[in-house]
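Colleague: Input file: query.pdb. Contents: PDB, C-alpha atoms.
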ATOM      1  CA  MET A 224     -40.949-124.435 122.696
ATOM      2  CA  ASN A 225     -37.137-124.284 122.700
ATOM      3  CA  MET A 226     -35.099-123.759 119.549
ATOM      4  CA  SER A 227     -34.049-127.393 119.267
ATOM      5  CA  ASN A 228     -37.664-128.574 119.385
ATOM      6  CA  SER A 229     -38.667-125.885 116.912
ATOM      7  CA  HIS A 230     -35.920-127.001 114.517
ATOM      8  CA  TYR A 231     -36.999-130.626 114.877
ATOM      9  CA  ARG A 232     -40.663-129.842 114.167
ATOM     10  CA  SER A 233     -39.679-127.811 111.106
ATOM     11  CA  ARG A 234     -37.644-130.740 109.829
ATOM     12  CA  VAL A 235     -40.595-133.155 110.220
ATOM     13  CA  ILE A 236     -43.006-130.716 108.569
ATOM     14  CA  GLU A 237     -40.644-130.173 105.635
ATOM     15  CA  TRP A 238     -40.283-133.932 105.208
ATOM     16  CA  ARG A 239     -44.083-134.310 105.179
ATOM     17  CA  LYS A 240     -44.289-131.692 102.458
ATOM     18  CA  GLU A 241     -41.754-133.624 100.399
ATOM     19  CA  ARG A 242     -43.756-136.854 100.832
ATOM     20  CA  GLU A 243     -46.886-135.065  99.599
ATOM     21  CA  GLU A 244     -45.124-133.641  96.557
ATOM     22  CA  SER A 245     -43.594-137.006  95.738
ATOM     23  CA  LEU A 246     -47.043-138.623  95.787
ATOM     24  CA  ARG A 247     -48.401-136.165  93.196
ATOM     25  CA  LYS A 248     -45.389-135.746  90.924
ATOM     26  CA  GLU A 249     -45.309-136.795  87.275
ATOM     27  CA  ASN A 250     -45.076-140.589  87.041
ATOM     28  CA  GLY A 251     -45.782-140.759  90.772
ATOM     29  CA  TRP A 252     -48.130-143.128  92.563
ATOM     30  CA  LEU A 253     -51.279-141.065  91.915
ATOM     31  CA  ALA A 254     -50.538-141.094  88.173
ATOM     32  CA  LEU A 255     -50.802-144.881  88.050
ATOM     33  CA  CYS A 256     -53.787-146.024  85.984
ATOM     34  CA  GLY A 257     -53.298-149.752  85.523
ATOM     35  CA  LEU A 258     -51.472-152.964  86.336
ATOM     36  CA  TYR A 259     -51.975-155.818  83.880
ATOM     37  CA  TRP A 260     -50.589-159.301  84.471
ATOM     38  CA  LEU A 261     -49.477-160.915  81.239
ATOM     39  CA  LYS A 262     -50.373-164.362  79.972
ATOM     40  CA  PRO A 263     -47.975-166.529  77.921
ATOM     41  CA  GLY A 264     -47.955-165.541  74.265
ATOM     42  CA  ILE A 265     -49.606-162.476  72.742
ATOM     43  CA  ASN A 266     -51.125-159.746  74.936
ATOM     44  CA  LEU A 267     -52.928-157.018  72.961
ATOM     45  CA  LEU A 268     -52.344-153.351  73.813
ATOM     46  CA  GLY A 269     -55.037-150.749  73.101
ATOM     47  CA  SER A 270     -58.200-149.029  74.300
ATOM     48  CA  ALA A 271     -60.592-151.773  73.156
ATOM     49  CA  GLN A 272     -62.337-153.628  75.979
ATOM     50  CA  ASP A 273     -60.951-156.980  74.863
ATOM     51  CA  CYS A 274     -57.321-155.795  75.019
ATOM     52  CA  ASP A 275     -55.156-157.468  77.637
ATOM     53  CA  VAL A 276     -53.365-154.195  78.438
ATOM     54  CA  ARG A 277     -55.922-151.361  78.383
ATOM     55  CA  LEU A 278     -55.020-147.846  77.310
ATOM     56  CA  PRO A 279     -57.316-144.878  78.039
ATOM     57  CA  ASP A 280     -60.151-144.299  75.561
ATOM     58  CA  ARG A 281     -58.296-141.485  73.785
ATOM     59  CA  PHE A 282     -55.941-144.036  72.204
ATOM     60  CA  PRO A 283     -56.560-146.357  69.217
ATOM     61  CA  SER A 284     -58.475-149.574  69.876
ATOM     62  CA  GLN A 285     -55.308-151.549  69.094
ATOM     63  CA  SER A 286     -51.830-150.101  69.504
ATOM     64  CA  GLY A 287     -49.554-153.133  69.439
ATOM     65  CA  HIS A 288     -48.882-156.131  71.653
ATOM     66  CA  PHE A 289     -46.617-157.605  74.299
ATOM     67  CA  GLU A 290     -45.253-161.091  73.701
ATOM     68  CA  MET A 291     -44.546-163.062  76.865
ATOM     69  CA  LEU A 292     -41.947-165.782  76.414
ATOM     70  CA  GLU A 293     -40.720-168.227  79.043
ATOM     71  CA  ASP A 294     -38.435-165.754  80.833
ATOM     72  CA  SER A 295     -38.756-162.477  78.922
ATOM     73  CA  VAL A 296     -41.254-160.082  77.360
ATOM     74  CA  LEU A 297     -41.061-158.409  73.935
ATOM     75  CA  PHE A 298     -42.850-155.181  72.963
ATOM     76  CA  HIS A 299     -44.208-154.702  69.431
ATOM     77  CA  PRO A 300     -45.812-151.252  69.092
ATOM     78  CA  ASP A 301     -47.992-150.169  66.184
ATOM     79  CA  LEU A 302     -47.160-147.050  64.217
ATOM     80  CA  GLU A 303     -50.315-145.385  65.583
ATOM     81  CA  ILE A 304     -48.631-144.730  68.942
ATOM     82  CA  LYS A 305     -47.609-141.103  68.556
ATOM     83  CA  GLY A 306     -44.646-139.593  70.339
ATOM     84  CA  LEU A 307     -43.069-142.917  71.333
ATOM     85  CA  ALA A 308     -39.889-141.990  73.177
ATOM     86  CA  LYS A 309     -36.761-142.271  71.053
ATOM     87  CA  ASP A 310     -34.830-144.048  73.790
ATOM     88  CA  ASN A 311     -37.153-147.045  73.657
ATOM     89  CA  PRO A 312     -35.618-150.033  71.874
ATOM     90  CA  ALA A 313     -36.500-150.115  68.184
ATOM     91  CA  THR A 314     -34.254-152.913  67.008
ATOM     92  CA  ASP A 315     -34.323-154.930  70.252
ATOM     93  CA  PRO A 316     -37.924-155.370  71.443
ATOM     94  CA  GLN A 317     -36.961-157.189  74.668
ATOM     95  CA  LEU A 318     -37.954-155.221  77.775
ATOM     96  CA  ARG A 319     -35.891-154.882  80.922
ATOM     97  CA  SER A 320     -38.068-155.234  84.022
ATOM     98  CA  ASP A 321     -38.276-152.946  87.048
ATOM     99  CA  ILE A 322     -36.093-155.249  89.133
ATOM    100  CA  GLU A 323     -33.182-154.805  86.718
ATOM    101  CA  ALA A 324     -30.616-152.022  86.922
ATOM    102  CA  ASN A 325     -31.965-150.043  83.944
ATOM    103  CA  PRO A 326     -35.623-150.899  83.316
ATOM    104  CA  THR A 327     -37.134-150.031  79.947
ATOM    105  CA  PHE A 328     -39.643-147.186  80.277
ATOM    106  CA  ILE A 329     -42.050-146.834  77.363
ATOM    107  CA  ASN A 330     -43.065-143.163  77.107
ATOM    108  CA  PHE A 331     -45.634-141.626  74.743
ATOM    109  CA  GLU A 332     -47.801-138.528  75.010
ATOM    110  CA  ARG A 333     -48.444-138.251  78.792
ATOM    111  CA  MET A 334     -48.262-142.008  79.316
ATOM    112  CA  ARG A 335     -45.577-144.313  80.697
ATOM    113  CA  MET A 336     -45.369-148.113  80.874
ATOM    114  CA  VAL A 337     -42.833-150.459  82.412
ATOM    115  CA  LEU A 338     -42.498-154.217  82.703
ATOM    116  CA  ILE A 339     -42.631-155.461  86.295
ATOM    117  CA  LYS A 340     -41.628-158.888  87.553
ATOM    118  CA  ARG A 341     -42.978-160.401  90.763
ATOM    119  CA  GLY A 342     -41.853-163.958  91.417
ATOM    120  CA  ASN A 343     -42.462-165.751  88.122
ATOM    121  CA  LYS A 344     -45.170-163.287  87.035
ATOM    122  CA  PHE A 345     -44.750-160.512  84.471
ATOM    123  CA  GLY A 346     -46.997-157.469  84.314
ATOM    124  CA  ILE A 347     -47.281-154.049  82.708
ATOM    125  CA  ARG A 348     -47.556-151.082  85.056
ATOM    126  CA  MET A 349     -49.065-147.984  83.448
ATOM    127  CA  TRP A 350     -49.052-144.263  84.316
ATOM    128  CA  ASP A 351     -51.280-141.540  82.882
ATOM    129  CA  ASN A 352     -50.016-138.117  83.909
ATOM    130  CA  SER A 353     -53.271-136.460  82.828
ATOM    131  CA  ARG A 354     -55.201-138.170  85.647
ATOM    132  CA  ALA A 355     -57.217-135.797  87.823
ATOM    133  CA  GLU A 356     -56.223-137.825  90.896
ATOM    134  CA  ARG A 357     -52.833-136.128  90.898
ATOM    135  CA  SER A 358     -54.491-132.965  92.169
ATOM    136  CA  ASP A 359     -57.879-134.184  93.442
ATOM    137  CA  HIS A 360     -56.745-136.939  95.822
ATOM    138  CA  ALA A 361     -57.126-136.064  99.497
ATOM    139  CA  PRO A 362     -53.845-135.030 101.162
ATOM    140  CA  ARG A 363     -51.914-137.341 103.439
ATOM    141  CA  THR A 364     -52.882-137.208 107.113
ATOM    142  CA  TRP A 365     -50.555-137.368 110.103
ATOM    143  CA  TYR A 366     -50.491-137.889 113.836
ATOM    144  CA  GLU A 367     -49.321-134.979 115.954
ATOM    145  CA  ILE A 368     -45.529-134.806 116.092
ATOM    146  CA  ASP A 369     -44.532-136.637 119.263
ATOM    147  CA  GLU A 370     -40.927-137.012 120.361
ATOM    148  CA  VAL A 371     -41.910-139.886 122.652
ATOM    149  CA  TYR A 372     -41.550-142.028 119.539
ATOM    150  CA  ARG A 373     -37.895-141.119 118.955
ATOM    151  CA  PHE A 374     -35.617-143.928 120.141
ATOM    152  CA  PRO A 375     -31.862-144.362 120.300
ATOM    153  CA  ALA A 376     -31.194-147.649 118.556
ATOM    154  CA  VAL A 377     -28.362-149.912 117.454
ATOM    155  CA  PHE A 378     -27.887-151.386 114.007
ATOM    156  CA  HIS A 379     -26.665-154.996 114.042
ATOM    157  CA  PRO A 380     -25.455-155.783 110.508
ATOM    158  CA  TYR A 381     -25.375-159.388 109.412
ATOM    159  CA  THR A 382     -21.968-160.683 108.385
ATOM    160  CA  LYS A 383     -23.826-162.061 105.387
ATOM    161  CA  SER A 384     -27.204-160.810 104.217
ATOM    162  CA  THR A 385     -30.110-163.227 104.252
ATOM    163  CA  THR A 386     -33.074-163.515 101.902
ATOM    164  CA  LEU A 387     -36.639-163.681 103.198
ATOM    165  CA  LYS A 388     -39.701-164.530 101.153
ATOM    166  CA  LEU A 389     -42.317-161.926 102.100
ATOM    167  CA  PRO A 390     -45.842-161.684 100.667
ATOM    168  CA  ASP A 391     -46.985-158.660  98.698
ATOM    169  CA  PHE A 392     -50.383-157.317  97.630
ATOM    170  CA  SER A 393     -50.306-159.247  94.349
ATOM    171  CA  GLY A 394     -50.264-162.548  96.250
ATOM    172  CA  VAL A 395     -46.669-163.297  95.314
ATOM    173  CA  PHE A 396     -43.858-163.993  97.772
ATOM    174  CA  MET A 397     -41.008-161.612  97.019
ATOM    175  CA  ASP A 398     -37.340-162.197  97.812
ATOM    176  CA  VAL A 399     -36.270-159.403 100.184
ATOM    177  CA  GLU A 400     -32.624-159.121 101.163
ATOM    178  CA  VAL A 401     -32.327-158.472 104.912
ATOM    179  CA  VAL A 402     -29.011-156.917 105.956
ATOM    180  CA  GLY A 403     -29.423-156.770 109.735
ATOM    181  CA  THR A 404     -31.612-155.736 112.646
ATOM    182  CA  ILE A 405     -32.341-152.530 114.547
ATOM    183  CA  SER A 406     -32.658-152.941 118.317
ATOM    184  CA  PHE A 407     -34.331-150.485 120.716
ATOM    185  CA  ASP A 408     -36.034-150.471 124.114
ATOM    186  CA  TYR A 409     -39.562-149.336 124.955
ATOM    187  CA  ARG A 410     -41.214-149.633 128.360
ATOM    188  CA  ASN A 411     -38.599-152.077 129.663
ATOM    189  CA  THR A 412     -38.937-154.337 126.620
ATOM    190  CA  SER A 413     -36.294-154.851 123.938
ATOM    191  CA  TYR A 414     -37.285-155.110 120.282
ATOM    192  CA  ASP A 415     -35.311-156.231 117.238
ATOM    193  CA  LEU A 416     -36.607-155.229 113.812
ATOM    194  CA  MET A 417     -35.305-156.587 110.513
ATOM    195  CA  VAL A 418     -34.187-154.055 107.912
ATOM    196  CA  SER A 419     -33.379-154.336 104.216
ATOM    197  CA  GLN A 420     -31.207-152.248 101.946
ATOM    198  CA  GLU A 421     -32.573-151.298  98.548
ATOM    199  CA  ASN A 422     -31.370-149.052  95.698
ATOM    200  CA  ASP A 423     -28.878-147.043  97.782
ATOM    201  CA  ASP A 424     -27.185-147.043 101.180
ATOM    202  CA  ASP A 425     -30.350-146.241 103.138
ATOM    203  CA  LEU A 426     -32.033-148.906 105.242
ATOM    204  CA  ILE A 427     -35.711-149.764 104.721
ATOM    205  CA  LEU A 428     -37.820-150.718 107.742
ATOM    206  CA  ARG A 429     -41.236-152.325 107.258
ATOM    207  CA  PHE A 430     -43.220-152.623 110.485
ATOM    208  CA  TRP A 431     -46.701-153.214 111.884
ATOM    209  CA  ASP A 432     -48.018-151.916 115.218
ATOM    210  CA  GLU A 433     -51.299-151.994 117.135
ATOM    211  CA  SER A 434     -52.461-148.673 115.659
ATOM    212  CA  SER A 435     -52.885-150.534 112.364
ATOM    213  CA  ASN A 436     -56.119-151.908 113.851
ATOM    214  CA  SER A 437     -57.641-148.432 114.071
ATOM    215  CA  THR A 438     -55.877-145.311 112.820
ATOM    216  CA  SER A 439     -52.873-146.321 110.691
ATOM    217  CA  TYR A 440     -52.567-148.426 107.546
ATOM    218  CA  PRO A 441     -53.796-152.027 108.138
ATOM    219  CA  SER A 442     -50.808-153.800 106.600
ATOM    220  CA  GLY A 443     -48.228-151.609 108.323
ATOM    221  CA  ARG A 444     -45.951-148.741 107.431
ATOM    222  CA  TYR A 445     -42.481-148.055 106.076
ATOM    223  CA  MET A 446     -39.546-145.960 107.235
ATOM    224  CA  VAL A 447     -36.266-144.985 105.562
ATOM    225  CA  LEU A 448     -33.251-144.919 107.889
ATOM    226  CA  HIS A 449     -30.014-143.205 106.939
ATOM    227  CA  PRO A 450     -26.794-145.221 107.186
ATOM    228  CA  PRO A 451     -25.763-145.564 110.847
ATOM    229  CA  LYS A 452     -22.573-144.103 112.273
ATOM    230  CA  ASN A 453     -20.632-146.632 114.321
ATOM    231  CA  ASN A 454     -23.854-148.717 114.320
ATOM    232  CA  GLY A 455     -25.704-146.087 116.351
ATOM    233  CA  ILE A 456     -28.940-144.909 114.771
ATOM    234  CA  GLU A 457     -32.047-142.926 115.673
ATOM    235  CA  LEU A 458     -35.354-144.720 115.196
ATOM    236  CA  ASP A 459     -37.898-141.915 114.763
ATOM    237  CA  PHE A 460     -41.427-143.103 114.003
ATOM    238  CA  ASN A 461     -42.516-139.532 113.238
ATOM    239  CA  PHE A 462     -40.919-140.250 109.856
ATOM    240  CA  SER A 463     -42.970-143.399 109.183
ATOM    241  CA  TYR A 464     -45.261-143.366 106.149
ATOM    242  CA  ASN A 465     -47.850-145.471 104.348
ATOM    243  CA  PRO A 466     -46.763-147.783 101.518
ATOM    244  CA  PRO A 467     -47.935-146.925  97.981
ATOM    245  CA  CYS A 468     -50.776-149.455  98.209
ATOM    246  CA  ALA A 469     -52.550-147.021 100.542
ATOM    247  CA  PHE A 470     -53.023-144.704  97.544
ATOM    248  CA  THR A 471     -53.409-146.922  94.493
ATOM    249  CA  PRO A 472     -54.560-150.470  93.685
ATOM    250  CA  TYR A 473     -51.809-150.676  91.056
ATOM    251  CA  ALA A 474     -48.867-150.937  93.464
ATOM    252  CA  THR A 475     -47.385-154.172  94.803
ATOM    253  CA  CYS A 476     -46.249-153.536  98.377
ATOM    254  CA  VAL A 477     -44.345-156.011 100.510
ATOM    255  CA  PHE A 478     -45.718-156.759 103.988
ATOM    256  CA  ALA A 479     -43.592-156.481 107.118
ATOM    257  CA  PRO A 480     -41.943-159.703 108.338
ATOM    258  CA  GLN A 481     -43.518-161.345 111.366
ATOM    259  CA  GLN A 482     -40.590-160.279 113.560
ATOM    260  CA  ASN A 483     -41.439-156.636 112.828
ATOM    261  CA  ARG A 484     -44.927-156.768 114.345
ATOM    262  CA  LEU A 485     -44.898-154.575 117.452
ATOM    263  CA  ASP A 486     -47.250-155.230 120.377
ATOM    264  CA  PHE A 487     -47.933-151.569 121.122
ATOM    265  CA  SER A 488     -49.421-148.597 119.247
ATOM    266  CA  ILE A 489     -47.262-145.997 117.573
ATOM    267  CA  HIS A 490     -49.248-142.774 117.320
ATOM    268  CA  ALA A 491     -46.659-141.040 115.172
ATOM    269  CA  GLY A 492     -46.099-140.683 111.465
ATOM    270  CA  GLU A 493     -48.791-141.142 108.827
ATOM    271  CA  THR A 494     -52.385-142.085 109.633
ATOM    272  CA  TYR A 495     -55.010-143.782 107.450
ATOM    273  CA  LEU A 496     -58.489-142.239 107.481
ATOM    274  CA  GLN A 497     -59.951-145.064 105.368
ATOM    275  CA  HIS A 498     -60.409-146.928 108.674
ATOM    276  CA  ARG A 499     -62.971-144.335 109.721
ATOM    277  CA  ILE A 500     -64.724-144.351 106.340
ATOM    278  CA  THR A 501     -65.087-148.128 106.559
ATOM    279  CA  GLU A 502     -66.521-147.911 110.064
ATOM    280  CA  VAL A 503     -69.137-145.347 108.966
ATOM    281  CA  HIS A 504     -70.337-147.584 106.151
TER     282      HIS A 504
END
Let's see the structure in the file written out as structure tokens.

Modeller:
Amino acid sequence: MNMSNSHYRSRVIEWRKEREESLRKENGWLALCGLYWLKPGINLLGSAQDCDVRLPDRFPSQSGHFEMLEDSVLFHPDLEIKGLAKDNPATDPQLRSDIEANPTFINFERMRMVLIKRGNKFGIRMWDNSRAERSDHAPRTWYEIDEVYRFPAVFHPYTKSTTLKLPDFSGVFMDVEVVGTISFDYRNTSYDLMVSQENDDDLILRFWDESSNSTSYPSGRYMVLHPPKNNGIELDFNFSYNPPCAFTPYATCVFAPQQNRLDFSIHAGETYLQHRITEVH
């Protein structure tokens, strides 16, 4: 193995380590313990079975309520919630959702809650950082590193971004802003994949390939691409990873657009062993 290949492999392995740590970190995906869609009016919060938003059993049976109005949600906590973070609104109970610039995080003990908005639906996403899953969950699994799946590509930015309505796991069609396409060639065929831009300057690629029928995640995978230089970009599927919905039922992941469905298998990046478990049963 030459030094350049050794450096490349080290970079991929370090990135995989970072993905694993991110999965298990405090308030990460494995700490999620609930996703509760709100109904109009009063939604009770507490550990009682009849509460609309269920806290773990170690909390009081009733701990307050969420009030869903036509286009907003108010939070009214009870005094029994100990350690409620001081930066939560006390005088203004209206919550900012996760699609806003500064969402309102409700923190207490080792718990966190946030209002999410998907289409015209409001929900409460909940984390419990004491969950055993943070350490007990099986580690991510990966294909062998294969440089065959590294492609020189070209970024074609749109002069004006366009909005697509893409389905997610909650059954809602989300507005996703597409900023251009990435083009590359494989086996004498040209492909153009749509990319979005979210949160920062990086591009987000959502794609599906034929390996999703057997050894990778059924709904497809994601990849983060750094901003291109002079529209040239490397498309390296060794850095592709499973969406959060592969690890928790409390995530709402957006599917890849139809244009991003590839007609060949990409045996690079993250695998999904649940395929094999399903086949055995």

Colleague: Of the candidates A:Phe487, A:Tyr440, A:Tyr473, A:Glu356, which shows the shortest atom-to-atom distance to A:Tyr414, using all atoms listed in the file?

Modeller: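 Using all atoms listed in the file, the shortest distance to A:Tyr414 belongs to A:Phe487.
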
Colleague: Applying the PyMOL selection byres ((chain A and resi 454-468) around 9) to the file I just gave you, which residues come out? Please list them as a PDB file with C-alpha atoms, in the coordinates of the input.

Modeller:
ATOM      1  CA  VAL A 235     -40.595-133.155 110.220  1.00  0.00           C
ATOM      2  CA  TRP A 238     -40.283-133.932 105.208  1.00  0.00           C
ATOM      3  CA  ARG A 239     -44.083-134.310 105.179  1.00  0.00           C
ATOM      4  CA  ARG A 242     -43.756-136.854 100.832  1.00  0.00           C
ATOM      5  CA  LEU A 246     -47.043-138.623  95.787  1.00  0.00           C
ATOM      6  CA  TRP A 252     -48.130-143.128  92.563  1.00  0.00           C
ATOM      7  CA  TRP A 365     -50.555-137.368 110.103  1.00  0.00           C
ATOM      8  CA  TYR A 366     -50.491-137.889 113.836  1.00  0.00           C
ATOM      9  CA  GLU A 367     -49.321-134.979 115.954  1.00  0.00           C
ATOM     10  CA  ILE A 368     -45.529-134.806 116.092  1.00  0.00           C
ATOM     11  CA  ASP A 369     -44.532-136.637 119.263  1.00  0.00           C
ATOM     12  CA  GLU A 370     -40.927-137.012 120.361  1.00  0.00           C
ATOM     13  CA  TYR A 372     -41.550-142.028 119.539  1.00  0.00           C
ATOM     14  CA  ARG A 373     -37.895-141.119 118.955  1.00  0.00           C
ATOM     15  CA  PHE A 374     -35.617-143.928 120.141  1.00  0.00           C
ATOM     16  CA  PRO A 375     -31.862-144.362 120.300  1.00  0.00           C
ATOM     17  CA  ALA A 376     -31.194-147.649 118.556  1.00  0.00           C
ATOM     18  CA  VAL A 377     -28.362-149.912 117.454  1.00  0.00           C
ATOM     19  CA  PHE A 378     -27.887-151.386 114.007  1.00  0.00           C
ATOM     20  CA  HIS A 379     -26.665-154.996 114.042  1.00  0.00           C
ATOM     21  CA  PRO A 380     -25.455-155.783 110.508  1.00  0.00           C
ATOM     22  CA  PHE A 392     -50.383-157.317  97.630  1.00  0.00           C
ATOM     23  CA  ILE A 405     -32.341-152.530 114.547  1.00  0.00           C
ATOM     24  CA  PHE A 407     -34.331-150.485 120.716  1.00  0.00           C
ATOM     25  CA  SER A 439     -52.873-146.321 110.691  1.00  0.00           C
ATOM     26  CA  TYR A 440     -52.567-148.426 107.546  1.00  0.00           C
ATOM     27  CA  SER A 442     -50.808-153.800 106.600  1.00  0.00           C
ATOM     28  CA  GLY A 443     -48.228-151.609 108.323  1.00  0.00           C
ATOM     29  CA  ARG A 444     -45.951-148.741 107.431  1.00  0.00           C
ATOM     30  CA  TYR A 445     -42.481-148.055 106.076  1.00  0.00           C
ATOM     31  CA  MET A 446     -39.546-145.960 107.235  1.00  0.00           C
ATOM     32  CA  VAL A 447     -36.266-144.985 105.562  1.00  0.00           C
ATOM     33  CA  LEU A 448     -33.251-144.919 107.889  1.00  0.00           C
ATOM     34  CA  HIS A 449     -30.014-143.205 106.939  1.00  0.00           C
ATOM     35  CA  PRO A 450     -26.794-145.221 107.186  1.00  0.00           C
ATOM     36  CA  PRO A 451     -25.763-145.564 110.847  1.00  0.00           C
ATOM     37  CA  LYS A 452     -22.573-144.103 112.273  1.00  0.00           C
ATOM     38  CA  ASN A 453     -20.632-146.632 114.321  1.00  0.00           C
ATOM     39  CA  ALA A 469     -52.550-147.021 100.542  1.00  0.00           C
ATOM     40  CA  PHE A 470     -53.023-144.704  97.544  1.00  0.00           C
ATOM     41  CA  THR A 471     -53.409-146.922  94.493  1.00  0.00           C
ATOM     42  CA  PRO A 472     -54.560-150.470  93.685  1.00  0.00           C
ATOM     43  CA  TYR A 473     -51.809-150.676  91.056  1.00  0.00           C
ATOM     44  CA  ALA A 474     -48.867-150.937  93.464  1.00  0.00           C
ATOM     45  CA  THR A 475     -47.385-154.172  94.803  1.00  0.00           C
ATOM     46  CA  CYS A 476     -46.249-153.536  98.377  1.00  0.00           C
ATOM     47  CA  VAL A 477     -44.345-156.011 100.510  1.00  0.00           C
ATOM     48  CA  ILE A 489     -47.262-145.997 117.573  1.00  0.00           C
ATOM     49  CA  HIS A 490     -49.248-142.774 117.320  1.00  0.00           C
ATOM     50  CA  ALA A 491     -46.659-141.040 115.172  1.00  0.00           C
ATOM     51  CA  GLY A 492     -46.099-140.683 111.465  1.00  0.00           C
ATOM     52  CA  GLU A 493     -48.791-141.142 108.827  1.00  0.00           C
ATOM     53  CA  THR A 494     -52.385-142.085 109.633  1.00  0.00           C
ATOM     54  CA  TYR A 495     -55.010-143.782 107.450  1.00  0.00           C
TER      55      TYR A 495
END

Colleague: Measuring atom to atom with all atoms listed in the file, identify which of A:Thr404, A:Ser233, A:Thr412, A:Ser434 is nearest to A:Pro480.

Modeller: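 Ranked by minimum distance to A:Pro480, first place goes to A:Thr404.
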
Colleague: Give me, as a ChimeraX atom specification, all polymer residues having an atom no more than 10 Å from A:Glu421, counting all atoms listed in the file and skipping those fewer than 2 positions away in the same chain.

Modeller: /A:399-402,418-419,423-427

Colleague: Between atom CA of A:Met336 and atom CA of A:Pro316, what distance in Å does the model show, to one decimal?

Modeller: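 About the pair atom CA of A:Met336 and atom CA of A:Pro316: they are 14.0 Å apart.
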
Colleague: For stretch 435-454 of chain A, I'd like the enclosing box, axis-aligned and padded by 8 Å on every side, reported as AutoDock Vina command-line options with centre and edge lengths in Å to one decimal.

Modeller:
--center_x -39.1 --center_y -148.5 --center_z 109.9 --size_x 53.0 --size_y 26.6 --size_z 24.8

Colleague: Would you mind reading off the distance between atom CA of A:Asn483 and atom CA of A:Arg429, one decimal, in Å?

Modeller: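 Interatomic distance here is 7.0 Å.
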
Colleague: Name every residue that the PyMOL selection byres ((chain A and resi 349) around 8) selects in this structure, writing the answer as a list in words with chains first and numbers rising.

Modeller: Leu255, Cys256, Gly257, Leu258, Met334, Arg335, Met336, Val337, Ile347, Arg348, Trp350 and Asp351 of chain A

Colleague: Tell me which residues come within 9 Å of (-62.4, -146.2, 72.2), as a list in words, counting only C-alpha atoms in the file's coordinates.

Modeller: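 Final list of nearby residues, as requested, is Gly269, Ser270, Ala271, Gln272, Pro279, Asp280, Arg281, Phe282, Pro283 and Ser284 of chain A.
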